[in-house]
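A.B. asks: Structure in structure tokens, see below.
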Amino acid sequence: MKLGVVSRSFPKMTSNEAADFMAQNGFVCTELCLAHPDANYWSYNGRRDLTSMTDERSRALVETFRSRGIEVSALGVFTNLIDPDAAGRAANLAYFERLMQIAAFNGIPCVSTECGFIPGRRGINTETYDRDFGQLCESLRWLVEKAEHYGLDIALEPCIIDIVPSAKRTADLLAQIGSDRLRILLDPANLIPNNTEEEMFRHLAPKIAYLHGKDRKVNDVRGRALGEGDIDWPRFLALYHRHAEGRPFILEYVGPDNVLEIRDRVLQADAAAGGKKE
């Protein structure tokens with residue numbers, strides 16, 4: 001399996017230090033979020049000023065990982081696509097587009113995002129859902145046009161605590177947008193409260209760009225490190241080999257103190273799955 005870890009797992013390490021750590025510990029790919037002391041341009045559900053992030057600087061940062069054999073599988077954005085303030089949403093989309101330009105310049109195949117949320121009012125709200133979902137569709141239609149222009153994909157991460165909370169609803173969203181440029185970042189922890197492991201792949205397998213590796217208890221709000229929730233990992237990884245072989249499987253909700261233990265849990269679960277297609 002193509003096993004990696006998100007770069008923002010190491011916010012106190014420089015890009016060089018994070019890349020060295022990954023390479024020395026058997027990780028071969030990453031979701032690159034610009035969230036290191038030497039390049040801090042990432043803001044969850046928001047945006048940062050990218051004025052000083054020139055194409056040339058971005059190339060040096062990406063090469064930091066690639067030169068150590070780490071594939072940059074995706075560039076993480078994770079901004080708010082449903083901001084009800086038109087000016088704020090436009091600024092988020094402009095931030096998103098600049099990161100798409102950086103990804104295209106560096107040959108990174110996709111950029112990643114969640115739906116976004118309103119702080120203090122995350123998830124489905126019956127009074128605002130139609131508006132929020134419509135806003136998401138409008139943002140995604142704008143983004144897939146840009147993605148077509150830049151020749152890359154958008155990887156959307158659905159989640160139980162957001163407005164696209166299940167694999168079936170995600171499949172419906174994909175159909176409504178109707179673009180091959182819109183792919184899925186499959187994080188099983190985000191769907192396990194609503195979907196079995198089999199249902200995730202049944203609805204989404206053809207559209208998976210890559211996967212996150214983290215866990216969740218069915219009735220928890222927040223995720224957990226892999227192996228500490230309710231996902232049947234040998235079962236999930238058997239399905240991964242059957243439906244998504246070779247796609248990056250990138251650990252999340254880890255840090256330098258536990259990532260090697262979590263890596264070993266993955267390898268053990270993969271061995272239990274047979275490490276091959278069903």
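Letters A, B, ... mark the chains of the structure tokens in the order given; residue numbers begin at 1 per chain; ligand numbers begin at 1, in order shown.
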Going by DSSP on the backbone, which bits of segment 68-103 of chain A are strand (DSSP E)? Write them as a PyMOL selection string, please.
C.D. replies: chain A and resi 71-76
A.B. asks: Okay, now the selection with all heavy atoms, as a CSV table (one decimal), in the first residue's frame?
C.D. replies:
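Output below, filename again_10.csv:
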chain,number,residue,atom,x,y,z
A,71,GLU,N,6.2,11.4,-2.4
A,71,GLU,CA,5.2,11.9,-3.3
A,71,GLU,C,4.3,12.9,-2.7
A,71,GLU,O,3.7,12.6,-1.6
A,71,GLU,CB,4.4,10.7,-3.9
A,71,GLU,CG,3.3,11.1,-4.8
A,71,GLU,CD,2.4,9.9,-5.2
A,71,GLU,OE1,2.9,9.1,-6.0
A,71,GLU,OE2,1.2,9.9,-4.7
A,72,VAL,N,4.1,14.0,-3.3
A,72,VAL,CA,3.1,15.0,-2.9
A,72,VAL,C,1.9,14.7,-3.6
A,72,VAL,O,1.6,15.1,-4.8
A,72,VAL,CB,3.6,16.4,-3.2
A,72,VAL,CG1,2.5,17.4,-2.7
A,72,VAL,CG2,4.9,16.7,-2.4
A,73,SER,N,1.0,13.9,-3.0
A,73,SER,CA,-0.2,13.4,-3.6
A,73,SER,C,-1.3,14.4,-3.7
A,73,SER,O,-2.1,14.3,-4.6
A,73,SER,CB,-0.7,12.2,-2.8
A,73,SER,OG,0.2,11.2,-2.6
A,74,ALA,N,-1.3,15.4,-2.9
A,74,ALA,CA,-2.3,16.4,-2.9
A,74,ALA,C,-1.8,17.7,-2.1
A,74,ALA,O,-1.0,17.6,-1.3
A,74,ALA,CB,-3.6,15.9,-2.2
A,75,LEU,N,-2.4,18.8,-2.5
A,75,LEU,CA,-2.1,20.0,-1.8
A,75,LEU,C,-3.4,20.4,-1.0
A,75,LEU,O,-4.5,20.5,-1.6
A,75,LEU,CB,-1.8,21.2,-2.8
A,75,LEU,CG,-1.4,22.5,-2.1
A,75,LEU,CD1,-0.1,22.4,-1.3
A,75,LEU,CD2,-1.2,23.6,-3.2
A,76,GLY,N,-3.3,20.5,0.3
A,76,GLY,CA,-4.4,20.7,1.2
A,76,GLY,C,-4.9,22.1,1.2
A,76,GLY,O,-4.0,23.0,1.5
A.B. asks: Write out, as a Markdown table, each residue of segment 58-115 of chain A that has an atom at most 9 Å from segment 173-196 of chain A, together with the closest pair of atoms and their distance in Å to one decimal, counting only C-alpha atoms, rows going by chain and rising number.
C.D. replies:
| residue | atom | partner | partner_atom | distance |
| --- | --- | --- | --- | --- |
| A:Cys110 | CA | A:Arg183 | CA | 8.8 |
| A:Ser112 | CA | A:Leu185 | CA | 7.3 |
| A:Thr113 | CA | A:Leu185 | CA | 8.4 |
| A:Glu114 | CA | A:Leu185 | CA | 8.9 |
A.B. asks: Would you put the residues from that selection into a file with N, CA, C and O atoms, as a PDB file, in the first residue's frame?
C.D. replies:
ATOM      1  N   CYS A 110      -3.938  16.889  -7.346  1.00  0.00           N
ATOM      2  CA  CYS A 110      -5.229  17.342  -6.829  1.00  0.00           C
ATOM      3  C   CYS A 110      -5.052  18.264  -5.639  1.00  0.00           C
ATOM      4  O   CYS A 110      -3.984  18.303  -5.000  1.00  0.00           O
ATOM      5  N   SER A 112      -7.247  19.524  -2.059  1.00  0.00           N
ATOM      6  CA  SER A 112      -8.211  18.894  -1.157  1.00  0.00           C
ATOM      7  C   SER A 112      -8.974  19.915  -0.339  1.00  0.00           C
ATOM      8  O   SER A 112      -8.422  20.950   0.054  1.00  0.00           O
ATOM      9  N   THR A 113     -10.221  19.583  -0.036  1.00  0.00           N
ATOM     10  CA  THR A 113     -11.029  20.466   0.791  1.00  0.00           C
ATOM     11  C   THR A 113     -12.172  19.693   1.442  1.00  0.00           C
ATOM     12  O   THR A 113     -12.585  18.636   0.961  1.00  0.00           O
ATOM     13  N   GLU A 114     -12.667  20.229   2.541  1.00  0.00           N
ATOM     14  CA  GLU A 114     -13.955  19.816   3.082  1.00  0.00           C
ATOM     15  C   GLU A 114     -15.014  20.764   2.519  1.00  0.00           C
ATOM     16  O   GLU A 114     -14.713  21.666   1.740  1.00  0.00           O
TER      17      GLU A 114
END
A.B. asks: When you count only C-alpha atoms, which of these residues is closest to Tyr150 of chain A: A:Phe105, A:Phe249, A:Tyr95, A:Trp42?
C.D. replies: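 Of all the options, A:Phe105 lies closest to Tyr150 of chain A.
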A.B. asks: Apply DSSP to the backbone of this structure and, from segment 147-228 of chain A, keep only the residues in helix (DSSP H, G or I); write these as a PyMOL selection string.
C.D. replies: chain A and resi 147-150+167-177+188-191+197-207
A.B. asks: Tell me which of A:Leu267, A:Leu204, A:Leu143, A:Val218 sits closest to Lys2 of chain A, counting only C-alpha atoms.
C.D. replies: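 Closest to Lys2 of chain A of all the choices is A:Leu267.
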A.B. asks: How many Å separate atom CA of Gly229 of chain A from atom CA of Arg8 of chain A?
C.D. replies: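 Atom CA of Gly229 of chain A sits 21.7 Å away from atom CA of Arg8 of chain A.
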A.B. asks: Can you tell me, as a list of chain:residue names, what residues are no more than 8 Å from segment 47-59 of chain A when counting only C-alpha atoms, ignoring any on the same chain fewer than 2 positions away?
C.D. replies: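 Residues meeting the cut-off are A:Tyr41, A:Trp42, A:Ser43, A:Tyr44, A:Asn45, A:Leu61, A:Val62, A:Glu63, A:Thr79, A:Asn92, A:Tyr95, A:Arg98, A:Ile102, A:Phe105, A:Asn106.
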A.B. asks: Next, write the just-selected residues to a file, as a short mmCIF file (atom, residue, chain, number, x, y, z; two decimals), in the first residue's frame, keeping all heavy atoms as the atom set.
C.D. replies:
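The new file again_17.cif reads:
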data_model
loop_
_atom_site.label_atom_id
_atom_site.label_comp_id
_atom_site.auth_asym_id
_atom_site.auth_seq_id
_atom_site.Cartn_x
_atom_site.Cartn_y
_atom_site.Cartn_z
N TYR A 41 1.12 28.89 5.73
CA TYR A 41 0.12 29.53 4.89
C TYR A 41 -1.24 28.82 4.96
O TYR A 41 -2.09 29.08 4.13
CB TYR A 41 0.59 29.55 3.43
CG TYR A 41 1.81 30.42 3.19
CD1 TYR A 41 3.08 29.86 3.21
CD2 TYR A 41 1.68 31.78 2.93
CE1 TYR A 41 4.20 30.64 2.99
CE2 TYR A 41 2.80 32.57 2.71
CZ TYR A 41 4.05 31.98 2.74
OH TYR A 41 5.16 32.76 2.53
N TRP A 42 -1.41 27.93 5.91
CA TRP A 42 -2.61 27.10 5.95
C TRP A 42 -3.49 27.53 7.11
O TRP A 42 -3.02 27.76 8.23
CB TRP A 42 -2.21 25.63 6.11
CG TRP A 42 -3.35 24.67 6.01
CD1 TRP A 42 -4.00 24.27 4.89
CD2 TRP A 42 -3.98 23.97 7.10
NE1 TRP A 42 -4.99 23.36 5.20
CE2 TRP A 42 -5.00 23.17 6.55
CE3 TRP A 42 -3.78 23.95 8.48
CZ2 TRP A 42 -5.81 22.35 7.32
CZ3 TRP A 42 -4.59 23.14 9.26
CH2 TRP A 42 -5.60 22.35 8.68
N SER A 43 -4.79 27.63 6.85
CA SER A 43 -5.75 28.00 7.89
C SER A 43 -7.00 27.15 7.72
O SER A 43 -7.72 27.29 6.73
CB SER A 43 -6.10 29.49 7.79
OG SER A 43 -7.08 29.84 8.75
N TYR A 44 -7.25 26.28 8.68
CA TYR A 44 -8.40 25.37 8.58
C TYR A 44 -9.71 26.15 8.54
O TYR A 44 -9.98 26.99 9.39
CB TYR A 44 -8.40 24.41 9.77
CG TYR A 44 -9.52 23.40 9.75
CD1 TYR A 44 -9.68 22.55 8.65
CD2 TYR A 44 -10.40 23.30 10.81
CE1 TYR A 44 -10.71 21.62 8.62
CE2 TYR A 44 -11.43 22.37 10.79
CZ TYR A 44 -11.58 21.54 9.69
OH TYR A 44 -12.61 20.62 9.67
N ASN A 45 -10.50 25.88 7.51
CA ASN A 45 -11.81 26.51 7.29
C ASN A 45 -11.69 28.00 7.01
O ASN A 45 -12.69 28.72 7.07
CB ASN A 45 -12.75 26.28 8.48
CG ASN A 45 -14.21 26.48 8.11
OD1 ASN A 45 -14.70 25.89 7.15
ND2 ASN A 45 -14.92 27.30 8.88
N LEU A 61 9.66 24.21 -1.86
CA LEU A 61 9.00 23.47 -0.78
C LEU A 61 8.57 22.09 -1.25
O LEU A 61 8.78 21.09 -0.54
CB LEU A 61 7.79 24.25 -0.28
CG LEU A 61 8.12 25.51 0.53
CD1 LEU A 61 6.87 26.36 0.70
CD2 LEU A 61 8.71 25.15 1.88
N VAL A 62 7.98 22.01 -2.42
CA VAL A 62 7.56 20.70 -2.94
C VAL A 62 8.78 19.81 -3.17
O VAL A 62 8.77 18.61 -2.84
CB VAL A 62 6.74 20.88 -4.23
CG1 VAL A 62 6.47 19.53 -4.88
CG2 VAL A 62 5.42 21.60 -3.92
N GLU A 63 9.84 20.38 -3.68
CA GLU A 63 11.05 19.60 -3.95
C GLU A 63 11.68 19.09 -2.65
O GLU A 63 12.34 18.05 -2.64
CB GLU A 63 12.05 20.43 -4.74
CG GLU A 63 13.31 19.68 -5.15
CD GLU A 63 13.02 18.45 -6.02
OE1 GLU A 63 11.95 18.40 -6.67
OE2 GLU A 63 13.89 17.55 -6.04
N THR A 79 -10.72 25.07 2.93
CA THR A 79 -11.34 26.34 3.26
C THR A 79 -12.85 26.20 3.33
O THR A 79 -13.39 25.10 3.14
CB THR A 79 -10.93 27.41 2.23
OG1 THR A 79 -11.32 28.70 2.71
CG2 THR A 79 -11.55 27.16 0.87
N ASN A 92 -12.28 33.30 -0.05
CA ASN A 92 -11.91 31.89 0.13
C ASN A 92 -11.66 31.22 -1.22
O ASN A 92 -10.71 30.44 -1.38
CB ASN A 92 -13.01 31.14 0.88
CG ASN A 92 -13.11 31.54 2.34
OD1 ASN A 92 -12.21 32.19 2.89
ND2 ASN A 92 -14.20 31.17 2.98
N TYR A 95 -8.38 32.37 -2.69
CA TYR A 95 -7.31 31.64 -1.99
C TYR A 95 -7.18 30.22 -2.55
O TYR A 95 -6.08 29.73 -2.82
CB TYR A 95 -7.65 31.63 -0.50
CG TYR A 95 -6.83 30.74 0.39
CD1 TYR A 95 -5.56 31.12 0.81
CD2 TYR A 95 -7.37 29.55 0.88
CE1 TYR A 95 -4.83 30.32 1.68
CE2 TYR A 95 -6.65 28.74 1.74
CZ TYR A 95 -5.38 29.12 2.15
OH TYR A 95 -4.66 28.32 3.01
N ARG A 98 -5.57 30.27 -6.01
CA ARG A 98 -4.12 30.46 -5.97
C ARG A 98 -3.42 29.15 -5.59
O ARG A 98 -2.37 28.82 -6.17
CB ARG A 98 -3.75 31.56 -4.98
CG ARG A 98 -2.25 31.73 -4.79
CD ARG A 98 -1.54 32.07 -6.09
NE ARG A 98 -0.08 32.10 -5.92
CZ ARG A 98 0.78 31.56 -6.76
NH1 ARG A 98 0.36 30.93 -7.86
NH2 ARG A 98 2.07 31.66 -6.53
N ILE A 102 -0.66 26.91 -7.73
CA ILE A 102 0.57 26.36 -7.17
C ILE A 102 0.65 24.86 -7.42
O ILE A 102 1.70 24.32 -7.79
CB ILE A 102 0.66 26.68 -5.67
CG1 ILE A 102 0.92 28.18 -5.48
CG2 ILE A 102 1.73 25.85 -4.98
CD1 ILE A 102 0.77 28.66 -4.05
N PHE A 105 1.40 24.28 -11.11
CA PHE A 105 2.78 24.65 -11.40
C PHE A 105 3.75 23.55 -10.99
O PHE A 105 4.77 23.32 -11.64
CB PHE A 105 3.12 25.95 -10.67
CG PHE A 105 4.51 26.45 -10.89
CD1 PHE A 105 4.86 27.09 -12.07
CD2 PHE A 105 5.48 26.30 -9.91
CE1 PHE A 105 6.15 27.56 -12.28
CE2 PHE A 105 6.77 26.77 -10.11
CZ PHE A 105 7.11 27.39 -11.30
N ASN A 106 3.41 22.84 -9.91
CA ASN A 106 4.29 21.81 -9.37
C ASN A 106 3.90 20.39 -9.76
O ASN A 106 4.50 19.43 -9.27
CB ASN A 106 4.34 21.93 -7.84
CG ASN A 106 5.12 23.15 -7.39
OD1 ASN A 106 6.34 23.16 -7.44
ND2 ASN A 106 4.41 24.19 -6.96
#
